[in-house]
>>> print(open('run34.cif').read())   # mmCIF, C-alpha atoms and all ligand atoms
data_data
loop_
_atom_site.group_PDB
_atom_site.id
_atom_site.type_symbol
_atom_site.label_atom_id
_atom_site.label_comp_id
_atom_site.auth_asym_id
_atom_site.auth_seq_id
_atom_site.Cartn_x
_atom_site.Cartn_y
_atom_site.Cartn_z
ATOM 1 C CA MET A 21 182.042 69.970 123.018
ATOM 2 C CA VAL A 22 179.828 67.756 125.165
ATOM 3 C CA ARG A 23 176.616 66.561 123.587
ATOM 4 C CA ILE A 24 173.970 66.632 126.271
ATOM 5 C CA LEU A 25 171.224 65.365 123.940
ATOM 6 C CA GLU A 26 171.432 63.214 120.846
ATOM 7 C CA THR A 27 168.763 61.556 118.771
ATOM 8 C CA GLU A 28 169.421 58.839 116.247
ATOM 9 C CA ARG A 29 167.052 58.457 113.323
ATOM 10 C CA ILE A 30 163.959 59.396 115.319
ATOM 11 C CA THR A 31 160.893 58.476 113.332
ATOM 12 C CA LYS A 32 157.248 58.962 114.256
ATOM 13 C CA ALA A 33 154.544 57.797 111.906
ATOM 14 C CA PHE A 34 150.856 58.607 112.333
ATOM 15 C CA GLY A 35 149.221 56.073 110.055
ATOM 16 C CA ASN A 36 151.165 56.360 106.808
ATOM 17 C CA MET A 37 152.248 59.955 107.474
ATOM 18 C CA PHE A 38 155.776 60.462 108.816
ATOM 19 C CA ALA A 39 155.557 63.453 111.166
ATOM 20 C CA VAL A 40 159.236 62.981 112.086
ATOM 21 C CA ASN A 41 161.425 61.104 109.652
ATOM 22 C CA ARG A 42 164.858 59.667 110.582
ATOM 23 C CA PHE A 43 165.755 62.753 112.526
ATOM 24 C CA ASP A 44 169.264 63.235 113.926
ATOM 25 C CA LEU A 45 169.539 65.988 116.486
ATOM 26 C CA HIS A 46 172.382 66.932 118.759
ATOM 27 C CA VAL A 47 172.430 69.621 121.398
ATOM 28 C CA GLU A 48 175.705 70.837 122.887
ATOM 29 C CA GLU A 49 175.930 71.575 126.589
ATOM 30 C CA GLY A 50 175.577 75.242 127.486
ATOM 31 C CA LYS A 51 174.222 76.257 124.073
ATOM 32 C CA LEU A 52 170.860 77.363 122.810
ATOM 33 C CA LYS A 53 169.564 75.595 119.739
ATOM 34 C CA SER A 54 166.373 76.681 118.015
ATOM 35 C CA ILE A 55 164.190 74.534 115.808
ATOM 36 C CA ILE A 56 162.194 76.400 113.199
ATOM 37 C CA GLY A 57 159.984 75.208 110.370
ATOM 38 C CA PRO A 58 156.545 75.637 108.848
ATOM 39 C CA ASN A 59 153.355 74.567 110.634
ATOM 40 C CA GLY A 60 153.081 70.789 110.711
ATOM 41 C CA ALA A 61 156.824 70.285 110.132
ATOM 42 C CA GLY A 62 156.985 67.885 113.113
ATOM 43 C CA LYS A 63 158.652 70.122 115.713
ATOM 44 C CA THR A 64 156.238 69.436 118.586
ATOM 45 C CA THR A 65 156.106 65.738 117.714
ATOM 46 C CA LEU A 66 159.907 65.635 118.027
ATOM 47 C CA PHE A 67 159.631 67.279 121.480
ATOM 48 C CA ASN A 68 156.933 64.760 122.446
ATOM 49 C CA VAL A 69 159.238 61.885 121.568
ATOM 50 C CA ILE A 70 162.270 63.366 123.362
ATOM 51 C CA SER A 71 160.319 64.120 126.550
ATOM 52 C CA GLY A 72 158.714 60.656 126.610
ATOM 53 C CA LYS A 73 155.158 61.831 125.948
ATOM 54 C CA ILE A 74 154.924 59.631 122.856
ATOM 55 C CA ARG A 75 156.962 56.650 121.726
ATOM 56 C CA PRO A 76 158.889 56.828 118.493
ATOM 57 C CA THR A 77 158.101 54.394 115.694
ATOM 58 C CA MET A 78 161.849 53.977 115.381
ATOM 59 C CA GLY A 79 165.069 55.541 116.588
ATOM 60 C CA ARG A 80 166.805 56.393 119.853
ATOM 61 C CA VAL A 81 167.128 59.316 122.227
ATOM 62 C CA LYS A 82 170.270 59.718 124.332
ATOM 63 C CA PHE A 83 170.485 62.203 127.182
ATOM 64 C CA LYS A 84 173.744 62.736 129.095
ATOM 65 C CA GLY A 85 175.086 59.580 127.453
ATOM 66 C CA GLU A 86 172.197 57.372 128.561
ATOM 67 C CA ASP A 87 169.527 55.841 126.376
ATOM 68 C CA ILE A 88 166.214 57.381 127.505
ATOM 69 C CA THR A 89 164.047 56.107 124.623
ATOM 70 C CA ASN A 90 160.722 54.790 125.946
ATOM 71 C CA LEU A 91 161.285 55.960 129.530
ATOM 72 C CA SER A 92 158.309 57.653 131.198
ATOM 73 C CA PRO A 93 158.066 61.464 131.132
ATOM 74 C CA ASN A 94 158.574 61.499 134.922
ATOM 75 C CA SER A 95 161.691 59.466 134.831
ATOM 76 C CA ILE A 96 163.068 61.608 131.991
ATOM 77 C CA SER A 97 162.396 64.837 133.871
ATOM 78 C CA ARG A 98 164.042 63.371 136.988
ATOM 79 C CA ARG A 99 167.168 62.850 134.907
ATOM 80 C CA GLY A 100 167.274 66.582 134.224
ATOM 81 C CA LEU A 101 165.400 67.060 130.975
ATOM 82 C CA ALA A 102 162.473 69.411 131.544
ATOM 83 C CA ARG A 103 159.880 70.773 129.225
ATOM 84 C CA SER A 104 157.369 73.548 129.508
ATOM 85 C CA PHE A 105 153.971 72.965 127.978
ATOM 86 C CA GLN A 106 151.791 75.104 125.771
ATOM 87 C CA ILE A 107 148.858 74.172 127.924
ATOM 88 C CA THR A 108 149.157 76.061 131.112
ATOM 89 C CA ASN A 109 149.806 74.021 134.216
ATOM 90 C CA ILE A 110 149.712 76.789 136.777
ATOM 91 C CA PHE A 111 147.173 76.820 139.601
ATOM 92 C CA PRO A 112 145.189 79.989 138.857
ATOM 93 C CA ASN A 113 143.795 80.447 142.369
ATOM 94 C CA LEU A 114 147.086 80.071 144.220
ATOM 95 C CA THR A 115 149.615 82.852 144.604
ATOM 96 C CA VAL A 116 152.673 83.102 142.417
ATOM 97 C CA PHE A 117 154.851 82.063 145.368
ATOM 98 C CA GLU A 118 152.661 79.054 146.193
ATOM 99 C CA ASN A 119 152.768 77.883 142.579
ATOM 100 C CA VAL A 120 156.564 77.796 142.562
ATOM 101 C CA ARG A 121 156.846 76.397 146.091
ATOM 102 C CA LEU A 122 154.542 73.493 145.191
ATOM 103 C CA ALA A 123 156.712 72.741 142.170
ATOM 104 C CA VAL A 124 159.850 72.714 144.351
ATOM 105 C CA GLN A 125 158.140 70.354 146.832
ATOM 106 C CA GLN A 126 157.043 68.143 143.953
ATOM 107 C CA ARG A 127 160.648 67.855 142.822
ATOM 108 C CA ASP A 128 161.762 66.881 146.320
ATOM 109 C CA LYS A 129 159.052 64.222 146.463
ATOM 110 C CA LYS A 130 160.119 62.812 143.120
ATOM 111 C CA ARG A 131 163.688 62.649 144.294
ATOM 112 C CA SER A 132 163.077 61.211 147.713
ATOM 113 C CA SER A 133 163.475 57.632 146.527
ATOM 114 C CA TYR A 134 167.071 58.478 145.633
ATOM 115 C CA PHE A 135 168.006 61.125 148.170
ATOM 116 C CA THR A 136 167.320 61.513 151.845
ATOM 117 C CA PRO A 137 164.852 64.378 152.048
ATOM 118 C CA VAL A 138 166.760 67.149 153.768
ATOM 119 C CA SER A 139 164.641 69.976 152.481
ATOM 120 C CA SER A 140 163.292 71.947 155.371
ATOM 121 C CA LEU A 141 160.514 74.439 154.831
ATOM 122 C CA SER A 142 163.053 77.252 154.812
ATOM 123 C CA GLU A 143 165.135 75.517 152.147
ATOM 124 C CA THR A 144 162.035 75.041 149.990
ATOM 125 C CA ASN A 145 161.103 78.700 150.443
ATOM 126 C CA ARG A 146 164.642 79.804 149.616
ATOM 127 C CA LYS A 147 164.638 77.808 146.398
ATOM 128 C CA ALA A 148 161.197 79.168 145.436
ATOM 129 C CA LYS A 149 162.390 82.760 145.987
ATOM 130 C CA GLU A 150 165.513 82.130 143.949
ATOM 131 C CA ILE A 151 163.348 80.989 141.016
ATOM 132 C CA LEU A 152 161.002 83.970 141.395
ATOM 133 C CA ASN A 153 164.021 86.260 141.199
ATOM 134 C CA GLN A 154 165.267 84.441 138.131
ATOM 135 C CA ILE A 155 161.959 84.804 136.273
ATOM 136 C CA GLY A 156 161.460 88.398 137.428
ATOM 137 C CA LEU A 157 158.271 87.755 139.404
ATOM 138 C CA ILE A 158 159.481 88.269 142.972
ATOM 139 C CA GLU A 159 157.505 91.487 143.344
ATOM 140 C CA TYR A 160 154.314 89.614 142.379
ATOM 141 C CA GLN A 161 154.928 86.683 144.713
ATOM 142 C CA ASP A 162 151.754 87.348 146.722
ATOM 143 C CA SER A 163 149.532 87.972 143.696
ATOM 144 C CA VAL A 164 147.005 85.331 142.757
ATOM 145 C CA ALA A 165 148.334 83.691 139.582
ATOM 146 C CA ARG A 166 145.197 84.297 137.523
ATOM 147 C CA ASN A 167 145.650 88.059 138.001
ATOM 148 C CA LEU A 168 149.049 88.070 136.289
ATOM 149 C CA SER A 169 149.327 89.317 132.729
ATOM 150 C CA TYR A 170 149.430 86.614 130.054
ATOM 151 C CA GLY A 171 153.177 87.146 129.561
ATOM 152 C CA ASP A 172 153.887 86.814 133.276
ATOM 153 C CA GLN A 173 151.765 83.649 133.463
ATOM 154 C CA ARG A 174 153.930 82.123 130.746
ATOM 155 C CA HIS A 175 157.041 83.121 132.720
ATOM 156 C CA LEU A 176 155.556 81.540 135.834
ATOM 157 C CA GLU A 177 155.156 78.323 133.849
ATOM 158 C CA ILE A 178 158.827 78.452 132.984
ATOM 159 C CA GLY A 179 159.561 79.009 136.685
ATOM 160 C CA ILE A 180 157.573 75.880 137.559
ATOM 161 C CA THR A 181 159.667 73.949 135.044
ATOM 162 C CA LEU A 182 162.871 75.364 136.564
ATOM 163 C CA ALA A 183 161.891 73.911 139.926
ATOM 164 C CA MET A 184 162.985 70.531 138.546
ATOM 165 C CA GLU A 185 166.514 71.982 138.323
ATOM 166 C CA PRO A 186 166.932 70.772 134.757
ATOM 167 C CA ASP A 187 170.174 70.551 132.808
ATOM 168 C CA LEU A 188 168.264 70.873 129.547
ATOM 169 C CA LEU A 189 165.161 73.001 129.160
ATOM 170 C CA MET A 190 162.877 72.509 126.168
ATOM 171 C CA LEU A 191 160.537 75.378 125.313
ATOM 172 C CA ASP A 192 157.780 75.021 122.700
ATOM 173 C CA GLU A 193 156.813 78.459 121.371
ATOM 174 C CA PRO A 194 157.241 80.337 124.647
ATOM 175 C CA THR A 195 156.241 83.642 123.031
ATOM 176 C CA SER A 196 153.107 82.480 121.214
ATOM 177 C CA GLY A 197 150.213 84.847 121.723
ATOM 178 C CA MET A 198 152.421 87.472 123.348
ATOM 179 C CA SER A 199 152.510 91.185 122.587
ATOM 180 C CA SER A 200 155.814 92.560 121.352
ATOM 181 C CA MET A 201 156.579 93.996 124.809
ATOM 182 C CA GLU A 202 155.919 90.611 126.416
ATOM 183 C CA THR A 203 158.006 88.910 123.734
ATOM 184 C CA GLN A 204 160.940 91.208 124.524
ATOM 185 C CA ALA A 205 160.656 90.331 128.212
ATOM 186 C CA THR A 206 160.737 86.624 127.295
ATOM 187 C CA VAL A 207 163.826 87.153 125.147
ATOM 188 C CA ARG A 208 165.543 88.780 128.148
ATOM 189 C CA LEU A 209 164.470 85.878 130.356
ATOM 190 C CA ILE A 210 165.772 83.298 127.869
ATOM 191 C CA ASP A 211 169.074 85.192 127.594
ATOM 192 C CA LYS A 212 169.409 85.103 131.370
ATOM 193 C CA LEU A 213 168.579 81.389 131.553
ATOM 194 C CA THR A 214 171.253 80.518 128.993
ATOM 195 C CA GLU A 215 173.873 81.561 131.552
ATOM 196 C CA ASN A 216 173.357 78.262 133.422
ATOM 197 C CA LEU A 217 171.208 76.106 131.188
ATOM 198 C CA THR A 218 171.187 74.329 127.873
ATOM 199 C CA ILE A 219 168.048 75.244 125.941
ATOM 200 C CA LEU A 220 166.224 73.669 123.015
ATOM 201 C CA LEU A 221 163.675 76.118 121.670
ATOM 202 C CA ILE A 222 160.859 75.881 119.135
ATOM 203 C CA GLU A 223 159.988 79.376 117.977
ATOM 204 C CA HIS A 224 158.166 80.966 115.067
ATOM 205 C CA LYS A 225 159.189 84.583 115.602
ATOM 206 C CA MET A 226 162.320 85.035 113.511
ATOM 207 C CA ASP A 227 163.586 88.094 115.408
ATOM 208 C CA VAL A 228 163.505 86.062 118.624
ATOM 209 C CA VAL A 229 165.266 83.123 116.962
ATOM 210 C CA MET A 230 167.943 85.353 115.458
ATOM 211 C CA SER A 231 168.715 87.090 118.737
ATOM 212 C CA VAL A 232 168.831 84.194 121.228
ATOM 213 C CA SER A 233 170.202 81.213 119.263
ATOM 214 C CA ASP A 234 173.723 79.832 119.006
ATOM 215 C CA THR A 235 172.526 77.512 116.252
ATOM 216 C CA VAL A 236 169.314 77.146 114.294
ATOM 217 C CA LEU A 237 167.955 73.948 112.808
ATOM 218 C CA VAL A 238 165.311 74.026 110.100
ATOM 219 C CA MET A 239 162.725 71.259 109.935
ATOM 220 C CA HIS A 240 160.469 70.582 106.968
ATOM 221 C CA TYR A 241 158.186 67.562 106.442
ATOM 222 C CA GLY A 242 159.735 65.790 109.433
ATOM 223 C CA GLN A 243 163.305 66.189 108.209
ATOM 224 C CA LYS A 244 166.244 68.482 108.775
ATOM 225 C CA ILE A 245 166.829 70.714 105.758
ATOM 226 C CA ALA A 246 169.467 73.044 107.209
ATOM 227 C CA GLU A 247 171.449 73.783 110.329
ATOM 228 C CA GLY A 248 173.920 76.512 111.214
ATOM 229 C CA THR A 249 174.386 79.863 112.876
ATOM 230 C CA PRO A 250 171.416 82.239 112.629
ATOM 231 C CA LYS A 251 173.206 84.139 109.839
ATOM 232 C CA GLU A 252 174.025 81.001 107.846
ATOM 233 C CA VAL A 253 170.487 79.708 108.070
ATOM 234 C CA GLU A 254 168.964 83.028 107.121
ATOM 235 C CA LYS A 255 171.008 83.023 103.905
ATOM 236 C CA ASP A 256 170.345 79.390 102.964
ATOM 237 C CA PRO A 257 168.265 79.335 99.758
ATOM 238 C CA ARG A 258 166.436 76.115 100.686
ATOM 239 C CA VAL A 259 165.368 77.699 103.946
ATOM 240 C CA ARG A 260 164.153 80.827 102.259
ATOM 241 C CA GLU A 261 162.126 78.734 99.864
ATOM 242 C CA ALA A 262 160.682 76.338 102.437
ATOM 243 C CA TYR A 263 160.079 78.721 105.245
ATOM 244 C CA LEU A 264 161.138 82.317 105.226
ATOM 245 C CA GLY A 265 159.812 82.905 101.708
ATOM 246 C CA GLY A 266 156.441 81.674 102.816
ATOM 247 C CA LEU A 267 156.093 84.286 105.526
HETATM 248 N N1 LIG B 301 148.548 62.636 117.680
HETATM 249 C C1 LIG B 301 148.567 62.837 116.357
HETATM 250 N N2 LIG B 301 147.861 62.048 115.525
HETATM 251 C C2 LIG B 301 147.882 62.212 114.186
HETATM 252 N N3 LIG B 301 148.614 63.165 113.569
HETATM 253 C C3 LIG B 301 149.347 63.990 114.341
HETATM 254 C C4 LIG B 301 149.359 63.876 115.762
HETATM 255 N N4 LIG B 301 150.192 64.835 116.271
HETATM 256 C C5 LIG B 301 150.652 65.504 115.209
HETATM 257 N N5 LIG B 301 150.164 65.006 114.059
HETATM 258 C C6 LIG B 301 150.477 65.477 112.704
HETATM 259 O O1 LIG B 301 151.900 65.437 112.566
HETATM 260 C C7 LIG B 301 152.364 66.544 111.809
HETATM 261 C C8 LIG B 301 153.389 67.311 112.615
HETATM 262 O O2 LIG B 301 152.704 67.995 113.672
HETATM 263 P P1 LIG B 301 153.481 68.840 114.776
HETATM 264 O O3 LIG B 301 152.452 69.284 115.752
HETATM 265 O O4 LIG B 301 154.625 68.065 115.277
HETATM 266 O O5 LIG B 301 154.001 70.070 113.903
HETATM 267 P P2 LIG B 301 154.720 71.425 114.373
HETATM 268 O O6 LIG B 301 155.966 71.539 113.562
HETATM 269 O O7 LIG B 301 154.840 71.462 115.846
HETATM 270 O O8 LIG B 301 153.675 72.528 113.859
HETATM 271 P P3 LIG B 301 153.278 73.972 114.506
HETATM 272 O O9 LIG B 301 154.363 74.907 114.075
HETATM 273 O O10 LIG B 301 151.977 74.299 113.834
HETATM 274 O O11 LIG B 301 153.167 73.825 115.979
HETATM 275 C C9 LIG B 301 151.135 67.357 111.430
HETATM 276 O O12 LIG B 301 150.735 66.985 110.131
HETATM 277 C C10 LIG B 301 150.105 66.933 112.455
HETATM 278 O O13 LIG B 301 148.801 67.057 111.967
HETATM 279 MG MG MG B 302 154.090 72.712 117.357
#
>>> encode(input="run34.cif", output="structure tokens")
Amino acid sequence: MVRILETERITKAFGNMFAVNRFDLHVEEGKLKSIIGPNGAGKTTLFNVISGKIRPTMGRVKFKGEDITNLSPNSISRRGLARSFQITNIFPNLTVFENVRLAVQQRDKKRSSYFTPVSSLSETNRKAKEILNQIGLIEYQDSVARNLSYGDQRHLEIGITLAMEPDLLMLDEPTSGMSSMETQATVRLIDKLTENLTILLIEHKMDVVMSVSDTVLVMHYGQKIAEGTPKEVEKDPRVREAYLGGL
């Protein structure tokens, strides 16, 4: 199996506190791996290091065989590693279609130093529509983004991330704050995305984790305490003690 992402002993210290501590992670191409763990376990910090938002104190990140440690977030996303943010980055006063189209144009701009820009307006529009179909928002394409439900706004954010045409998509709590109906819609979206994408997911809702994951990794105090199939992890006594028992 091809490892699309690998980290070697990633460590991030804030003062004398190790938020992430010698963390080895590997993600296999085409799979969905979830990271779970109690609040403050270091999950988001690990994402911040992988996506280039913060520099690790120590350790290396390899993506598609290349060392990407200390590259800028832009240059990492250009290589095909995209991340959606908790903080919304949609333009509330633009339509759903315009939000996605801008993201597609942004991608073309970022690429133009490597590729001859061939993207005509119609090609950009086609790509934007394809994404809207994928995220189930085509019927709302002319709605102003701020009028979408909270769940649909979160899906639009994922759509904006997809405009980068990533090989690996990292999602940090995509269902946080959602109703159970909205959560179910997100689970369906994630299932659909796994058909052509590798996904690394941070998620607190155990039913979501159990239904979408190929493998689950459990993080506690910046370290890995267990990893396996959803069933294996659910049964692991250390996991129950550290995490599930505390729920
Ligand atoms: N910029 C920062 N400066 C100082 N401490 C930080 C910083 N970012 C995170 N931390 C600390 O690092 C630890 C790990 O935080 P992190 O946000 O990675 O946890 P998490 O697993 O994502 O938690 P949650 O499930 O609540 O989102 C926490 O103790 C947090 O307070
Ligand atoms: Mg977090």
>>> closest_atom_pairs(input="run34.cif", of="chain A", to="ligand MG 302 (chain B)", cutoff="9 Å", atoms="only C-alpha atoms and all ligand atoms", output="CSV")
residue,atom,partner,partner_atom,distance
A:Asn59,CA,B:MG302,MG,7.0
A:Gly60,CA,B:MG302,MG,7.0
A:Ala61,CA,B:MG302,MG,8.1
A:Gly62,CA,B:MG302,MG,7.0
A:Lys63,CA,B:MG302,MG,5.5
A:Thr64,CA,B:MG302,MG,4.1
A:Thr65,CA,B:MG302,MG,7.3
A:Phe67,CA,B:MG302,MG,8.8
A:Asp192,CA,B:MG302,MG,6.9
A:Glu193,CA,B:MG302,MG,7.5
A:Ile222,CA,B:MG302,MG,7.7
A:Glu223,CA,B:MG302,MG,8.9
>>> atom_distance(input="run34.cif", atom1="atom CA of A:Thr115", atom2="atom CA of A:Leu221")
27.7 Å
>>> residues_near_ligand(input="run34.cif", ligand="ligand LIG 301 (chain B)", cutoff="12 Å", atoms="only C-alpha atoms and all ligand atoms", output="CSV table (one decimal) with C-alpha atoms, in the coordinates of the input")
chain,number,residue,atom,x,y,z
A,31,THR,CA,160.9,58.5,113.3
A,32,LYS,CA,157.2,59.0,114.3
A,33,ALA,CA,154.5,57.8,111.9
A,34,PHE,CA,150.9,58.6,112.3
A,35,GLY,CA,149.2,56.1,110.1
A,36,ASN,CA,151.2,56.4,106.8
A,37,MET,CA,152.2,60.0,107.5
A,38,PHE,CA,155.8,60.5,108.8
A,39,ALA,CA,155.6,63.5,111.2
A,40,VAL,CA,159.2,63.0,112.1
A,41,ASN,CA,161.4,61.1,109.7
A,55,ILE,CA,164.2,74.5,115.8
A,56,ILE,CA,162.2,76.4,113.2
A,57,GLY,CA,160.0,75.2,110.4
A,58,PRO,CA,156.5,75.6,108.8
A,59,ASN,CA,153.4,74.6,110.6
A,60,GLY,CA,153.1,70.8,110.7
A,61,ALA,CA,156.8,70.3,110.1
A,62,GLY,CA,157.0,67.9,113.1
A,63,LYS,CA,158.7,70.1,115.7
A,64,THR,CA,156.2,69.4,118.6
A,65,THR,CA,156.1,65.7,117.7
A,66,LEU,CA,159.9,65.6,118.0
A,67,PHE,CA,159.6,67.3,121.5
A,68,ASN,CA,156.9,64.8,122.4
A,69,VAL,CA,159.2,61.9,121.6
A,73,LYS,CA,155.2,61.8,125.9
A,74,ILE,CA,154.9,59.6,122.9
A,75,ARG,CA,157.0,56.6,121.7
A,76,PRO,CA,158.9,56.8,118.5
A,106,GLN,CA,151.8,75.1,125.8
A,191,LEU,CA,160.5,75.4,125.3
A,192,ASP,CA,157.8,75.0,122.7
A,193,GLU,CA,156.8,78.5,121.4
A,194,PRO,CA,157.2,80.3,124.6
A,196,SER,CA,153.1,82.5,121.2
A,221,LEU,CA,163.7,76.1,121.7
A,222,ILE,CA,160.9,75.9,119.1
A,223,GLU,CA,160.0,79.4,118.0
A,224,HIS,CA,158.2,81.0,115.1
A,225,LYS,CA,159.2,84.6,115.6
A,238,VAL,CA,165.3,74.0,110.1
A,239,MET,CA,162.7,71.3,109.9
A,240,HIS,CA,160.5,70.6,107.0
A,241,TYR,CA,158.2,67.6,106.4
A,242,GLY,CA,159.7,65.8,109.4
A,243,GLN,CA,163.3,66.2,108.2
A,244,LYS,CA,166.2,68.5,108.8
A,263,TYR,CA,160.1,78.7,105.2
>>> closest_residue(input="run34.cif", among="A:Arg258, A:His46, A:Lys51, A:Lys129", to="A:Lys82", atoms="all atoms listed in the file")
A:His46
>>> residues_around(input="run34.cif", residues="A:Ala165", least_positions_apart="5", cutoff="10 Å", atoms="only C-alpha atoms", output="list in words")
Ile110, Phe111, Pro112, Asn113, Leu114, Thr115, Val116, Phe117, Glu118, Asn119, Tyr160, Asp172, Gln173 and Leu176 of chain A
>>> resolve_selection(input="run34.cif", expression="the PyMOL selection byres (((chain A and resi 141-144) around 8) and not hetatm)", output="short mmCIF file (atom, residue, chain, number, x, y, z; two decimals) with C-alpha atoms, in the frame of the given file")
data_model
loop_
_atom_site.label_atom_id
_atom_site.label_comp_id
_atom_site.auth_asym_id
_atom_site.auth_seq_id
_atom_site.Cartn_x
_atom_site.Cartn_y
_atom_site.Cartn_z
CA ARG A 121 156.85 76.40 146.09
CA VAL A 124 159.85 72.71 144.35
CA GLN A 125 158.14 70.35 146.83
CA SER A 139 164.64 69.98 152.48
CA SER A 140 163.29 71.95 155.37
CA ASN A 145 161.10 78.70 150.44
CA ARG A 146 164.64 79.80 149.62
CA LYS A 147 164.64 77.81 146.40
CA ALA A 148 161.20 79.17 145.44
#
>>> atom_distance(input="run34.cif", atom1="atom CA of A:Ser54", atom2="atom CA of A:Val236")
4.8 Å
>>> atom_distance(input="run34.cif", atom1="atom CA of A:Glu177", atom2="atom CA of A:Thr218")
17.6 Å
>>> closest_residue(input="run34.cif", among="A:Gly72, A:Gly85, A:Pro186, A:Pro250", to="A:Leu237", atoms="only C-alpha atoms")
A:Pro250
>>> build_atoms(input="run34.cif", residues="stretch 215-233 of chain A", atoms="N, CA and C atoms", output="mmCIF file, in the frame of the given file")
data_model
loop_
_atom_site.group_PDB
_atom_site.id
_atom_site.type_symbol
_atom_site.label_atom_id
_atom_site.label_comp_id
_atom_site.auth_asym_id
_atom_site.auth_seq_id
_atom_site.Cartn_x
_atom_site.Cartn_y
_atom_site.Cartn_z
ATOM 1 N N GLU A 215 172.640 81.490 130.756
ATOM 2 C CA GLU A 215 173.873 81.561 131.552
ATOM 3 C C GLU A 215 174.157 80.242 132.278
ATOM 4 N N ASN A 216 173.098 79.548 132.740
ATOM 5 C CA ASN A 216 173.357 78.262 133.422
ATOM 6 C C ASN A 216 172.624 77.066 132.855
ATOM 7 N N LEU A 217 172.033 77.197 131.689
ATOM 8 C CA LEU A 217 171.208 76.106 131.188
ATOM 9 C C LEU A 217 171.429 75.875 129.703
ATOM 10 N N THR A 218 171.252 74.632 129.298
ATOM 11 C CA THR A 218 171.187 74.329 127.873
ATOM 12 C C THR A 218 169.716 74.427 127.475
ATOM 13 N N ILE A 219 169.451 75.052 126.340
ATOM 14 C CA ILE A 219 168.048 75.244 125.941
ATOM 15 C C ILE A 219 167.814 74.766 124.515
ATOM 16 N N LEU A 220 166.703 74.053 124.350
ATOM 17 C CA LEU A 220 166.224 73.669 123.015
ATOM 18 C C LEU A 220 164.882 74.368 122.838
ATOM 19 N N LEU A 221 164.801 75.195 121.807
ATOM 20 C CA LEU A 221 163.675 76.118 121.670
ATOM 21 C C LEU A 221 162.974 75.933 120.328
ATOM 22 N N ILE A 222 161.656 75.802 120.373
ATOM 23 C CA ILE A 222 160.859 75.881 119.135
ATOM 24 C C ILE A 222 160.267 77.281 119.107
ATOM 25 N N GLU A 223 160.467 77.990 118.007
ATOM 26 C CA GLU A 223 159.988 79.376 117.977
ATOM 27 C C GLU A 223 159.675 79.789 116.545
ATOM 28 N N HIS A 224 158.549 80.484 116.398
ATOM 29 C CA HIS A 224 158.166 80.966 115.067
ATOM 30 C C HIS A 224 158.673 82.379 114.779
ATOM 31 N N LYS A 225 158.819 83.180 115.849
ATOM 32 C CA LYS A 225 159.189 84.583 115.602
ATOM 33 C C LYS A 225 160.676 84.678 115.248
ATOM 34 N N MET A 226 160.944 85.059 114.007
ATOM 35 C CA MET A 226 162.320 85.035 113.511
ATOM 36 C C MET A 226 163.240 86.005 114.261
ATOM 37 N N ASP A 227 162.717 87.152 114.684
ATOM 38 C CA ASP A 227 163.586 88.094 115.408
ATOM 39 C C ASP A 227 164.040 87.488 116.739
ATOM 40 N N VAL A 228 163.142 86.742 117.374
ATOM 41 C CA VAL A 228 163.505 86.062 118.624
ATOM 42 C C VAL A 228 164.587 85.013 118.333
ATOM 43 N N VAL A 229 164.334 84.197 117.322
ATOM 44 C CA VAL A 229 165.266 83.123 116.962
ATOM 45 C C VAL A 229 166.653 83.710 116.661
ATOM 46 N N MET A 230 166.667 84.764 115.864
ATOM 47 C CA MET A 230 167.943 85.353 115.458
ATOM 48 C C MET A 230 168.701 85.926 116.653
ATOM 49 N N SER A 231 167.982 86.445 117.648
ATOM 50 C CA SER A 231 168.715 87.090 118.737
ATOM 51 C C SER A 231 169.165 86.129 119.842
ATOM 52 N N VAL A 232 168.442 85.029 120.078
ATOM 53 C CA VAL A 232 168.831 84.194 121.228
ATOM 54 C C VAL A 232 169.658 82.945 120.878
ATOM 55 N N SER A 233 169.663 82.541 119.594
ATOM 56 C CA SER A 233 170.202 81.213 119.263
ATOM 57 C C SER A 233 171.707 81.187 119.029
#
